[in-house]
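File shown: input_33.cif (mmCIF, C-alpha atoms and all ligand atoms).
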```cif
data_final
loop_
_atom_site.label_atom_id
_atom_site.label_comp_id
_atom_site.auth_asym_id
_atom_site.auth_seq_id
_atom_site.Cartn_x
_atom_site.Cartn_y
_atom_site.Cartn_z
CA MET A 1 2.29 35.83 14.04
CA ILE A 2 3.49 36.12 10.46
CA GLU A 3 1.18 37.71 7.88
CA TYR A 4 0.81 36.20 4.42
CA GLU A 5 -0.52 38.14 1.47
CA LEU A 6 -1.10 36.56 -1.96
CA HIS A 7 -1.28 38.52 -5.21
CA LEU A 8 -1.56 35.51 -7.48
CA PRO A 9 -3.84 35.30 -10.51
CA LEU A 10 -5.92 32.45 -9.08
CA THR A 11 -9.71 32.34 -8.64
CA LEU A 12 -10.85 30.27 -5.72
CA ASP A 13 -13.39 28.25 -7.72
CA SER A 14 -14.44 24.67 -7.02
CA ASP A 15 -11.59 23.20 -9.13
CA ILE A 16 -8.99 25.06 -7.10
CA ARG A 17 -10.74 24.21 -3.85
CA ASN A 18 -10.71 20.53 -4.83
CA LEU A 19 -6.98 20.66 -5.55
CA MET A 20 -6.38 22.36 -2.20
CA ALA A 21 -8.39 19.64 -0.47
CA ASN A 22 -6.41 16.96 -2.34
CA ALA A 23 -3.11 18.46 -1.24
CA TYR A 24 -4.29 18.71 2.37
CA GLY A 25 -5.47 15.07 2.23
CA ALA A 26 -2.15 13.93 0.79
CA LEU A 27 -0.21 15.63 3.59
CA LEU A 28 -2.51 14.19 6.24
CA HIS A 29 -1.97 10.78 4.72
CA GLU A 30 1.82 11.30 4.83
CA LYS A 31 1.58 12.27 8.48
CA GLU A 32 -0.68 9.40 9.49
CA ARG A 33 1.32 6.77 7.59
CA GLY A 34 4.67 8.18 8.74
CA VAL A 35 5.80 8.71 5.13
CA THR A 36 7.78 11.59 6.57
CA GLY A 37 8.31 12.32 10.24
CA TYR A 38 8.82 16.08 10.11
CA TYR A 39 5.17 16.84 10.93
CA THR A 40 5.64 15.72 14.54
CA LEU A 41 9.15 17.08 15.13
CA PRO A 42 8.18 20.33 16.88
CA GLU A 43 6.47 18.37 19.65
CA GLU A 44 9.01 15.54 19.85
CA SER A 45 12.05 17.78 19.91
CA MET A 46 10.83 19.59 23.03
CA LEU A 47 12.00 16.54 24.99
CA LEU A 48 15.39 16.87 23.39
CA VAL A 49 15.65 20.48 24.53
CA GLN A 50 14.92 19.38 28.12
CA GLU A 51 17.51 16.61 27.82
CA LEU A 52 20.11 19.06 26.54
CA ILE A 53 19.45 21.60 29.26
CA ASN A 54 20.27 18.89 31.81
CA GLU A 55 23.13 17.55 29.73
CA HIS A 56 26.46 17.18 31.54
CA THR A 57 28.16 14.77 29.15
CA PHE A 58 30.32 17.31 27.39
CA ALA A 59 33.51 18.94 28.54
CA PRO A 60 33.08 22.73 28.96
CA PHE A 61 33.25 24.49 25.59
CA ASP A 62 33.01 28.01 24.28
CA ALA A 63 32.67 27.29 20.55
CA ILE A 64 31.10 24.60 18.38
CA ALA A 65 32.70 23.12 15.26
CA LEU A 66 29.87 21.76 13.14
CA TYR A 67 30.64 19.16 10.46
CA GLY A 68 27.75 18.70 8.03
CA ILE A 69 26.50 19.71 4.60
CA GLY A 70 23.17 20.21 2.82
CA GLY A 71 20.28 19.27 5.07
CA SER A 72 22.74 18.57 7.88
CA SER A 73 23.93 22.18 8.13
CA LEU A 74 21.81 24.63 6.12
CA GLY A 75 18.84 24.82 8.49
CA THR A 76 21.03 25.32 11.56
CA LYS A 77 23.04 27.95 9.74
CA ALA A 78 19.85 29.73 8.62
CA ILE A 79 18.53 30.02 12.18
CA ASP A 80 21.94 30.80 13.66
CA ALA A 81 22.57 33.60 11.15
CA ALA A 82 19.10 35.10 11.59
CA LEU A 83 19.25 35.16 15.41
CA ARG A 84 22.93 35.95 16.00
CA PRO A 85 22.56 39.74 15.52
CA ILE A 86 20.04 39.90 18.39
CA ARG A 87 21.14 37.09 20.73
CA GLN A 88 24.23 36.08 22.68
CA ALA A 89 25.25 32.60 21.56
CA LYS A 90 28.41 30.55 21.41
CA ASN A 91 30.11 30.74 18.06
CA ILE A 92 29.30 27.93 15.61
CA VAL A 93 32.00 27.36 12.99
CA TYR A 94 30.74 25.43 9.95
CA PHE A 95 32.81 22.81 8.16
CA GLU A 96 30.64 22.28 5.07
CA ASN A 97 32.48 22.74 1.80
CA PRO A 98 35.88 21.05 1.52
CA ASP A 99 37.44 24.30 0.36
CA PRO A 100 40.97 24.34 1.81
CA ARG A 101 40.90 28.11 2.39
CA THR A 102 37.70 27.89 4.42
CA ILE A 103 39.09 24.98 6.41
CA GLU A 104 42.26 26.94 7.27
CA SER A 105 40.19 29.98 8.18
CA ASN A 106 37.95 27.83 10.40
CA TYR A 107 41.01 26.53 12.24
CA ARG A 108 42.07 30.13 12.87
CA LYS A 109 38.59 30.97 14.22
CA LEU A 110 38.80 28.05 16.64
CA ALA A 111 42.38 28.68 17.78
CA GLY A 112 42.67 29.03 21.55
CA LYS A 113 39.04 28.02 22.14
CA GLU A 114 37.55 25.08 24.00
CA VAL A 115 35.71 23.40 21.15
CA LEU A 116 32.86 20.91 21.02
CA HIS A 117 33.04 19.06 17.67
CA VAL A 118 29.58 18.05 16.39
CA VAL A 119 29.45 15.69 13.42
CA ILE A 120 26.08 15.62 11.63
CA SER A 121 25.29 13.16 8.87
CA LYS A 122 22.10 11.17 8.47
CA SER A 123 23.72 8.59 6.20
CA GLY A 124 26.98 8.73 8.14
CA ARG A 125 28.82 8.43 4.83
CA THR A 126 29.01 11.93 3.41
CA ILE A 127 32.49 12.51 2.03
CA GLU A 128 32.74 16.24 2.76
CA THR A 129 31.64 15.77 6.37
CA LEU A 130 33.73 12.74 7.27
CA SER A 131 36.87 14.06 5.57
CA GLN A 132 36.76 17.35 7.44
CA PHE A 133 36.01 15.64 10.73
CA LYS A 134 39.03 13.40 10.25
CA ALA A 135 41.14 16.44 9.34
CA SER A 136 40.09 18.18 12.55
CA LEU A 137 40.88 15.11 14.67
CA ALA A 138 44.37 15.24 13.22
CA TYR A 139 44.74 19.05 13.36
CA PHE A 140 43.53 19.42 16.96
CA GLY A 141 45.24 16.20 18.07
CA LEU A 142 41.98 14.68 19.29
CA ASP A 143 41.70 11.04 20.24
CA PRO A 144 38.10 9.78 19.81
CA LYS A 145 38.30 7.70 23.00
CA LYS A 146 40.17 10.06 25.31
CA ASP A 147 38.40 13.14 23.96
CA ALA A 148 34.93 11.61 23.66
CA LYS A 149 33.54 14.42 25.82
CA ARG A 150 34.62 16.96 23.23
CA LEU A 151 32.69 15.17 20.48
CA ALA A 152 29.05 14.62 19.54
CA VAL A 153 27.42 12.76 16.70
CA ILE A 154 23.99 13.28 15.13
CA SER A 155 23.02 10.51 12.73
CA ASP A 156 20.62 7.75 11.81
CA VAL A 157 20.86 4.98 14.42
CA ASP A 158 21.61 2.47 11.67
CA SER A 159 24.55 4.42 10.29
CA GLN A 160 28.24 3.57 10.54
CA LEU A 161 28.77 7.00 12.12
CA HIS A 162 26.44 6.04 14.96
CA ARG A 163 28.42 2.79 15.38
CA PHE A 164 31.65 4.79 15.47
CA ALA A 165 30.17 6.94 18.26
CA GLU A 166 29.09 3.87 20.22
CA GLU A 167 32.52 2.26 19.85
CA PHE A 168 34.27 5.28 21.39
CA GLY A 169 31.62 6.30 23.95
CA ILE A 170 30.77 9.49 22.08
CA LYS A 171 27.34 11.00 22.78
CA SER A 172 25.11 10.28 19.80
CA PHE A 173 21.72 11.83 18.97
CA ALA A 174 19.32 10.07 16.61
CA ILE A 175 17.72 11.47 13.47
CA PRO A 176 14.36 9.71 12.97
CA HIS A 177 14.42 7.21 10.07
CA ASN A 178 11.60 8.98 8.27
CA VAL A 179 13.08 12.49 8.42
CA GLY A 180 15.30 13.40 5.51
CA GLY A 181 18.11 15.98 5.66
CA ARG A 182 16.32 19.01 4.23
CA PHE A 183 13.29 18.50 6.51
CA SER A 184 15.40 17.84 9.59
CA VAL A 185 16.23 21.24 11.05
CA LEU A 186 13.71 20.80 13.88
CA SER A 187 15.10 17.35 14.75
CA ALA A 188 18.38 16.77 16.62
CA VAL A 189 20.14 18.02 13.46
CA GLY A 190 19.28 21.65 14.21
CA ILE A 191 18.01 21.54 17.78
CA VAL A 192 21.16 20.02 19.32
CA PRO A 193 23.74 22.52 18.00
CA LEU A 194 21.40 25.50 18.37
CA THR A 195 20.47 24.59 21.97
CA LEU A 196 24.11 23.90 22.87
CA ALA A 197 25.06 27.28 21.40
CA GLY A 198 22.56 28.85 23.80
CA TYR A 199 19.58 29.71 21.57
CA ASP A 200 16.03 29.51 22.89
CA THR A 201 15.08 26.50 20.78
CA ALA A 202 11.96 25.85 22.89
CA ALA A 203 10.55 29.15 21.55
CA ILE A 204 11.38 28.07 17.98
CA LEU A 205 9.68 24.71 18.46
CA MET A 206 6.63 26.23 20.14
CA ALA A 207 6.01 28.56 17.19
CA ALA A 208 6.62 25.68 14.78
CA GLN A 209 4.12 23.51 16.63
CA GLU A 210 1.50 26.27 16.64
CA MET A 211 1.90 26.71 12.88
CA MET A 212 1.52 22.95 12.39
CA GLU A 213 -1.66 22.93 14.49
CA ARG A 214 -3.17 25.88 12.63
CA PHE A 215 -2.43 24.18 9.32
CA TRP A 216 -4.13 20.92 10.36
CA ALA A 217 -7.08 22.98 11.66
CA MET A 218 -7.36 24.53 8.16
CA HIS A 219 -6.45 27.99 9.45
CA GLU A 220 -3.51 28.42 7.08
CA GLU A 221 -5.27 27.75 3.77
CA HIS A 222 -3.09 30.28 1.95
CA ILE A 223 -0.34 27.62 1.95
CA LEU A 224 -2.53 25.27 -0.07
CA GLN A 225 -3.66 28.10 -2.34
CA LYS A 226 -0.07 29.07 -3.13
CA ALA A 227 0.89 25.41 -3.60
CA VAL A 228 -1.91 24.94 -6.12
CA PHE A 229 -0.83 28.06 -8.00
CA ILE A 230 2.80 26.91 -8.16
CA ALA A 231 2.02 23.31 -9.08
CA ARG A 232 -0.49 24.27 -11.79
CA ASN A 233 1.56 27.07 -13.27
CA TRP A 234 5.16 25.97 -12.98
CA HIS A 235 5.41 25.56 -16.79
CA ARG A 236 4.36 29.17 -17.24
CA TYR A 237 6.30 30.41 -14.20
CA PRO A 238 9.17 27.92 -13.86
CA MET A 239 11.06 30.05 -11.32
CA ASN A 240 10.28 31.41 -7.87
CA VAL A 241 12.44 34.20 -6.52
CA LEU A 242 12.59 34.56 -2.75
CA PHE A 243 13.45 38.22 -2.15
CA SER A 244 14.29 38.54 1.55
CA TYR A 245 14.71 42.08 2.88
CA ALA A 246 17.19 41.35 5.68
CA ASP A 247 20.86 40.43 5.35
CA SER A 248 20.56 37.89 8.11
CA LEU A 249 18.11 35.88 5.98
CA GLU A 250 20.72 35.07 3.34
CA ASN A 251 21.25 31.62 4.80
CA PHE A 252 17.52 31.11 5.09
CA ASN A 253 17.36 31.72 1.33
CA LYS A 254 19.96 28.99 0.86
CA TRP A 255 17.93 26.60 3.00
CA TYR A 256 14.84 27.35 0.90
CA VAL A 257 16.80 26.77 -2.34
CA GLN A 258 17.89 23.35 -1.08
CA LEU A 259 14.44 22.47 0.25
CA TRP A 260 12.78 23.22 -3.08
CA GLY A 261 15.61 22.06 -5.31
CA GLU A 262 16.03 18.60 -3.80
CA SER A 263 12.36 18.09 -3.03
CA LEU A 264 10.65 19.34 -6.17
CA GLY A 265 13.13 18.74 -9.01
CA LYS A 266 12.00 15.22 -9.91
CA ILE A 267 10.76 12.84 -12.56
CA ASP A 268 7.03 12.41 -12.01
CA ARG A 269 5.01 9.20 -12.33
CA THR A 270 4.46 9.79 -16.05
CA GLY A 271 8.21 10.08 -16.65
CA GLN A 272 8.16 13.88 -17.08
CA ARG A 273 10.85 16.08 -15.57
CA VAL A 274 9.14 18.60 -13.28
CA GLY A 275 9.99 21.27 -10.74
CA PRO A 276 9.98 25.01 -10.20
CA THR A 277 13.48 26.50 -9.81
CA PRO A 278 14.13 28.30 -6.50
CA ILE A 279 16.23 31.48 -6.55
CA GLY A 280 17.26 33.42 -3.43
CA HIS A 281 17.94 37.14 -3.33
CA ILE A 282 18.47 39.78 -0.67
CA GLY A 283 16.76 43.16 -0.81
CA ALA A 284 17.54 45.92 -1.21
CA VAL A 285 21.00 44.83 -2.46
CA ASP A 286 19.75 42.65 -5.32
CA GLN A 287 17.40 45.35 -6.54
CA HIS A 288 20.68 46.61 -7.99
CA SER A 289 21.37 43.37 -9.83
CA PHE A 290 18.38 41.11 -10.48
CA LEU A 291 15.39 43.46 -10.45
CA GLN A 292 15.86 44.62 -14.04
CA LEU A 293 15.49 41.01 -15.20
CA LEU A 294 12.34 40.60 -13.12
CA MET A 295 10.83 43.81 -14.44
CA GLN A 296 11.61 43.58 -18.14
CA GLY A 297 12.96 40.08 -18.76
CA PRO A 298 10.71 37.11 -19.60
CA LYS A 299 7.60 36.90 -17.43
CA ASP A 300 8.50 33.45 -16.20
CA LYS A 301 9.03 34.11 -12.49
CA THR A 302 6.92 34.44 -9.38
CA VAL A 303 8.33 36.54 -6.56
CA THR A 304 7.98 36.02 -2.82
CA PHE A 305 8.98 38.89 -0.56
CA ILE A 306 9.99 38.42 3.05
CA LYS A 307 9.96 41.64 5.04
CA VAL A 308 10.57 42.42 8.69
CA GLU A 309 8.25 44.86 10.45
CA ASP A 310 10.39 45.59 13.49
CA PHE A 311 14.18 45.11 13.30
CA GLY A 312 14.46 46.06 16.98
CA MET A 313 17.05 48.67 16.05
CA ASP A 314 16.44 52.30 15.38
CA ALA A 315 19.51 53.53 13.48
CA LYS A 316 18.49 56.63 11.58
CA ILE A 317 19.58 58.62 8.58
CA PRO A 318 20.55 62.00 10.06
CA ASP A 319 18.86 65.17 9.00
CA LEU A 320 21.99 66.29 7.23
CA LYS A 321 21.88 68.44 4.14
CA LEU A 322 25.12 68.31 2.17
CA PRO A 323 25.98 70.38 -0.86
CA TYR A 324 25.60 68.42 -4.14
CA LEU A 325 24.17 65.41 -2.23
CA THR A 326 20.62 66.65 -1.90
CA SER A 327 19.07 63.88 -4.01
CA SER A 328 18.79 61.63 -0.95
CA ASP A 329 17.41 64.31 1.40
CA PHE A 330 13.85 62.98 1.01
CA VAL A 331 14.75 60.22 3.48
CA ASN A 332 16.48 62.47 6.01
CA ASP A 333 15.47 61.70 9.57
CA VAL A 334 13.98 58.37 8.51
CA SER A 335 15.07 55.11 10.18
CA PHE A 336 16.93 52.53 8.09
CA ALA A 337 14.22 50.00 9.03
CA THR A 338 11.61 52.29 7.46
CA LEU A 339 13.79 52.78 4.39
CA ILE A 340 14.37 49.05 3.72
CA ASP A 341 10.68 48.35 4.33
CA ALA A 342 9.63 51.08 1.91
CA GLU A 343 12.08 49.73 -0.67
CA CYS A 344 10.46 46.31 -0.40
CA ASP A 345 6.99 47.82 -0.84
CA ALA A 346 8.09 49.94 -3.79
CA THR A 347 9.65 46.92 -5.53
CA LYS A 348 6.55 44.84 -4.86
CA ASP A 349 4.29 47.57 -6.32
CA ALA A 350 6.54 47.91 -9.37
CA LEU A 351 6.39 44.14 -10.00
CA LEU A 352 2.63 44.04 -9.51
CA HIS A 353 2.38 46.88 -12.00
CA GLU A 354 4.24 44.65 -14.50
CA GLY A 355 1.81 41.80 -13.82
CA VAL A 356 4.31 39.57 -11.98
CA PRO A 357 2.65 37.12 -9.53
CA VAL A 358 3.77 38.16 -6.06
CA ASP A 359 3.24 37.10 -2.47
CA ILE A 360 4.44 38.77 0.71
CA ILE A 361 5.48 37.22 4.02
CA THR A 362 5.66 39.84 6.77
CA LEU A 363 7.55 38.89 9.93
CA PRO A 364 6.59 41.02 12.94
CA ARG A 365 10.17 40.55 14.20
CA LEU A 366 13.05 38.39 13.06
CA ASP A 367 13.09 36.22 16.19
CA GLU A 368 12.67 32.62 17.37
CA ALA A 369 8.88 32.66 16.88
CA ALA A 370 9.12 33.95 13.32
CA LEU A 371 11.79 31.41 12.36
CA GLY A 372 9.92 28.45 13.84
CA GLU A 373 6.80 29.42 11.94
CA LEU A 374 8.66 30.22 8.72
CA VAL A 375 10.46 26.87 8.67
CA VAL A 376 7.18 24.97 9.02
CA TYR A 377 5.47 27.24 6.47
CA TYR A 378 8.10 26.38 3.85
CA GLU A 379 8.16 22.70 4.70
CA LEU A 380 4.36 22.42 4.38
CA LEU A 381 4.38 24.45 1.17
CA THR A 382 7.04 22.18 -0.32
CA SER A 383 5.15 19.03 0.67
CA ALA A 384 1.91 20.40 -0.77
CA VAL A 385 3.54 21.34 -4.10
CA GLY A 386 5.22 17.91 -4.22
CA ALA A 387 1.90 16.14 -3.57
CA LEU A 388 0.20 18.12 -6.36
CA LEU A 389 3.05 17.39 -8.77
CA GLU A 390 2.64 13.70 -7.85
CA ILE A 391 6.33 13.19 -7.11
CA ASP A 392 8.26 11.72 -4.19
CA THR A 393 9.12 14.90 -2.33
CA TYR A 394 11.39 13.15 0.13
CA ASP A 395 13.90 11.24 -1.96
CA GLN A 396 16.85 12.56 -4.01
CA PRO A 397 17.92 9.79 -6.41
CA GLY A 398 19.44 12.35 -8.77
CA VAL A 399 22.39 13.14 -6.51
CA GLU A 400 23.68 9.57 -6.32
CA LEU A 401 25.31 9.29 -9.76
CA GLY A 402 27.80 12.11 -9.10
CA LYS A 403 28.82 10.47 -5.80
CA LYS A 404 29.35 7.13 -7.58
CA ILE A 405 31.50 8.77 -10.27
CA LEU A 406 33.57 10.51 -7.58
CA ARG A 407 34.29 7.22 -5.82
CA GLU A 408 35.20 5.57 -9.13
CA ARG A 409 37.61 8.42 -10.01
CA PHE A 410 39.51 7.92 -6.75
CA ALA A 411 39.42 4.13 -7.10
CA ASP A 412 40.87 4.39 -10.65
CA ALA A 413 43.60 6.85 -9.69
O1 LIG B 1 18.54 16.92 2.15
C1 LIG B 1 19.29 15.98 1.95
O2 LIG B 1 18.89 14.81 2.06
C2 LIG B 1 20.75 16.20 1.60
O3 LIG B 1 21.01 17.53 1.35
C3 LIG B 1 21.63 15.72 2.75
O4 LIG B 1 21.28 16.40 3.91
C4 LIG B 1 23.11 15.94 2.45
O5 LIG B 1 23.45 15.28 1.27
C5 LIG B 1 23.97 15.44 3.58
O6 LIG B 1 23.68 14.10 3.83
P1 LIG B 1 24.02 13.42 5.20
O7 LIG B 1 23.19 14.05 6.25
O8 LIG B 1 23.67 11.97 5.00
O9 LIG B 1 25.48 13.62 5.46
#
```
Let me see whether you can do it: turn the structure in this file into structure tokens.
Amino acid sequence: MIEYELHLPLTLDSDIRNLMANAYGALLHEKERGVTGYYTLPEESMLLVQELINEHTFAPFDAIALYGIGGSSLGTKAIDAALRPIRQAKNIVYFENPDPRTIESNYRKLAGKEVLHVVISKSGRTIETLSQFKASLAYFGLDPKKDAKRLAVISDVDSQLHRFAEEFGIKSFAIPHNVGGRFSVLSAVGIVPLTLAGYDTAAILMAAQEMMERFWAMHEEHILQKAVFIARNWHRYPMNVLFSYADSLENFNKWYVQLWGESLGKIDRTGQRVGPTPIGHIGAVDQHSFLQLLMQGPKDKTVTFIKVEDFGMDAKIPDLKLPYLTSSDFVNDVSFATLIDAECDATKDALLHEGVPVDIITLPRLDEAALGELVVYYELLTSAVGALLEIDTYDQPGVELGKKILRERFADA
């Protein structure tokens, strides 16, 4: 299980305890009223895993082309990137940004492969996703009817994309109505492509479910404590830096940035603009870029460290003494895992010394169990902060205007 350590200036007095109880009550209310459906996904999606294991609808494939953006790709990409170094899985090629260079490079990656094309969009209307899917149909010469077995759709059952799938006999998986994009990684959105790629999604869901159960049993109170600290202090500390000490967590950082950004950046019921800004960094690399700002810049940031206890790899720094290069000899014969871990601890101690509020998330291993738990941890934390800020955590009205302007630009042209 993951360990959580808080170094936040917060005294657990009756006021704080009341706020924690309020946040817990608000989340329970959301679950019971179905305000959001993500609370029950770990259990529900187990059935989906079974269905997929027995799935014979698709033509044989050795790579997946995934069309989706934001909540429809980031979670899958986060888990895929974190597990790929230690697992054998079919390649997933992501069509997210409509950057022509990336699209060309994706085509090259898929050349000569048997490809399953998976289109993921809850609304079924997202311009980046649909445009790239259409481009691939043309590029690979696919006919939706004749090649239905090479295609899959994941969408809301009321969407036009779902209707398109029905029309052409394409296998379609449903995203529950009450699960929004950024909370959907444990629904068909993430579970279908990850299972089809060959990952042990049952292990991810099991760990996610256990975390959920511990939270409802009040055994993960640190989540509520941290949520209270963030919600009460976001004016003083308007930024949270997630410093993850593993390269393969870079995409997890991006998922966290989206989860917080779209969920917590809102106008509250009194008309005030609220929301802590999420920032993602990778240690030790970003110690050489951002740390100076954290140490001596304005004290307006909290820092969360993610560290990995056992990388499952024992590459070592050799005991090699080279003339003129003796300054690094103090780590001779030390494993790289020990070095990166010690760098995380040293940075944490330095920040604590400067009085920066810090918390540490220690993963025993970077595996399915850790990722399932970590996803639920962040989802619950986000919901709890949103409840305390008295905002709608699950909508995103602010992104609509840009989409409207885009459509108008093309209509006017
Ligand atoms: O979290 C969200 O709701 C968004 O990031 C969406 O996932 C993103 O805009 C893509 O939307 P859709 O799944 O409808 O294509």
Next on the checklist: From (7.8, 24.8, 20.4), in the file's coordinates, out to 12 Å: which residues are reached, counting all atoms listed in the file? Answer as number ranges by chain.
Outcome noted: A: 40-50, 186-187, 191, 200-213, 368-373, 376
Residues within 8 Å of ligand LIG 1 (chain B), counting all atoms listed in the file: report them as a JSON list (two decimals) with C-alpha atoms, keeping the file's coordinate frame.
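Output contents, as saved in part35.json:
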```json
[["chain", "number", "residue", "atom", "x", "y", "z"],
["A", 68, "GLY", "CA", 27.75, 18.70, 8.03],
["A", 69, "ILE", "CA", 26.50, 19.71, 4.60],
["A", 70, "GLY", "CA", 23.17, 20.21, 2.82],
["A", 71, "GLY", "CA", 20.28, 19.27, 5.07],
["A", 72, "SER", "CA", 22.74, 18.57, 7.88],
["A", 73, "SER", "CA", 23.93, 22.18, 8.13],
["A", 120, "ILE", "CA", 26.08, 15.62, 11.63],
["A", 121, "SER", "CA", 25.29, 13.16, 8.87],
["A", 122, "LYS", "CA", 22.10, 11.17, 8.47],
["A", 123, "SER", "CA", 23.72, 8.59, 6.20],
["A", 124, "GLY", "CA", 26.98, 8.73, 8.14],
["A", 125, "ARG", "CA", 28.82, 8.43, 4.83],
["A", 126, "THR", "CA", 29.01, 11.93, 3.41],
["A", 127, "ILE", "CA", 32.49, 12.51, 2.03],
["A", 129, "THR", "CA", 31.64, 15.77, 6.37],
["A", 155, "SER", "CA", 23.02, 10.51, 12.73],
["A", 180, "GLY", "CA", 15.30, 13.40, 5.51],
["A", 181, "GLY", "CA", 18.11, 15.98, 5.66],
["A", 182, "ARG", "CA", 16.32, 19.01, 4.23],
["A", 183, "PHE", "CA", 13.29, 18.50, 6.51],
["A", 258, "GLN", "CA", 17.89, 23.35, -1.08],
["A", 259, "LEU", "CA", 14.44, 22.47, 0.25],
["A", 262, "GLU", "CA", 16.03, 18.60, -3.80],
["A", 394, "TYR", "CA", 11.39, 13.15, 0.13],
["A", 395, "ASP", "CA", 13.90, 11.24, -1.96],
["A", 396, "GLN", "CA", 16.85, 12.56, -4.01]]
```
Checklist entry - So how far away is CA of Lys299 in chain A from CA of Pro238 in chain A, in Å? => result 9.8 Å
Next on the checklist: I'd like the interatomic distance between CA of Asn332 in chain A and CA of Asp319 in chain A, to a tenth of an Å.
Outcome noted: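 The value is 4.7 Å.
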Checklist entry - Using all atoms listed in the file, which of the listed residues (A:Phe173, A:Phe336, A:Phe305, A:Phe133) sits closest to Asp349 in chain A? => result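 For Asp349 in chain A, the nearest of the given residues is A:Phe305.
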Next on the checklist: Env of range 143-147 of chain A: 9 Å cut, atoms = only C-alpha atoms, seq-sep filter 6 positions within chain, self excluded. Answer as a VMD selection string.
Outcome noted: chain A and resid 59 137 165 167 to 170
Checklist entry - Separation of CA of Val119 in chain A and CA of Gly34 in chain A, in Å? => result 26.3 Å
Checklist entry - Of the candidates A:Ala82, A:Ala23, A:Lys266, A:Asn251, which one gets nearest to Leu388 in chain A if we count only C-alpha atoms? => result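 Going through A:Ala82, A:Ala23, A:Lys266, A:Asn251 one by one, the smallest distance to Leu388 in chain A is for A:Ala23.
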Would you tabulate, counting all atoms listed in the file, all residues of range 220-328 of chain A that have an atom at most 12 Å from an atom of range 397-403 of chain A, showing the closest pair of atoms and their distance in Å to one decimal, sorted by chain then ascending number, as JSON lines?
```
{"residue": "A:Gly261", "atom": "CA", "partner": "A:Gly398", "partner_atom": "CA", "distance": 11.0}
{"residue": "A:Glu262", "atom": "CA", "partner": "A:Gly398", "partner_atom": "CA", "distance": 8.7}
{"residue": "A:Ser263", "atom": "CA", "partner": "A:Pro397", "partner_atom": "CA", "distance": 10.5}
{"residue": "A:Leu264", "atom": "CA", "partner": "A:Gly398", "partner_atom": "CA", "distance": 11.5}
{"residue": "A:Gly265", "atom": "CA", "partner": "A:Gly398", "partner_atom": "CA", "distance": 9.0}
{"residue": "A:Lys266", "atom": "CA", "partner": "A:Gly398", "partner_atom": "CA", "distance": 8.1}
{"residue": "A:Ile267", "atom": "CA", "partner": "A:Gly398", "partner_atom": "CA", "distance": 9.5}
{"residue": "A:Arg273", "atom": "CA", "partner": "A:Gly398", "partner_atom": "CA", "distance": 11.6}
```
Next on the checklist: Excluding Lys254 in chain A and its own-chain neighbours fewer than 3 positions away, which residues fall within 12 Å of it when counting only C-alpha atoms? Please give them as a PyMOL selection string.
Outcome noted: chain A and resi 69-71+73-79+81+182+241-244+248-251+257-261+278-282
Extract, using all atoms listed in the file, all DNA, RNA and protein residues at most 7 Å from Glu3 in chain A, discarding same-chain residues fewer than 6 positions from it, and format them as a PDB file with C-alpha atoms, keeping the file's coordinate frame.
```
ATOM      1  CA  ILE A 361       5.480  37.220   4.020  1.00  0.00           C
ATOM      2  CA  THR A 362       5.660  39.840   6.770  1.00  0.00           C
ATOM      3  CA  LEU A 363       7.550  38.890   9.930  1.00  0.00           C
TER       4      LEU A 363
END
```
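Nearest to Ala21 in chain A of all the residues A:Ala148, A:Leu224, A:Ile154, A:Ala231 is A:Leu224, based on all atoms listed in the file.
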Next on the checklist: For a quick check of understanding, using only C-alpha atoms, which of A:Ala227, A:Leu339, A:Leu10, A:Ala89 has the smallest distance to Leu380 in chain A?
Outcome noted: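 Under the stated criterion, the closest residue is A:Ala227.
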Item to check | Which residue of A:Leu325, A:Val334, A:Ala138, A:Val303 approaches Lys348 in chain A most closely, using all atoms listed in the file | outcome: A:Val303
Checklist entry - For Ala387 in chain A, which residue among A:Val228, A:Gln132, A:Ala111, A:Asp99 is the nearest when counting only C-alpha atoms? => result A:Val228
Item to check | Spatial neighbours of range 309-313 of chain A, 12 Å, all atoms listed in the file, chain gap at least 2 places, as a PyMOL selection string | outcome: chain A and resi 1-3+82-83+85-87+245-248+306-307+315-316+335-342+344-345+361-367+370
Item to check | Shell around His222 in chain A at 10 Å using all atoms listed in the file, local window under 3 positions removed, as a PyMOL selection string | outcome: chain A and resi 4-6+20+215+218-219+225-228+381
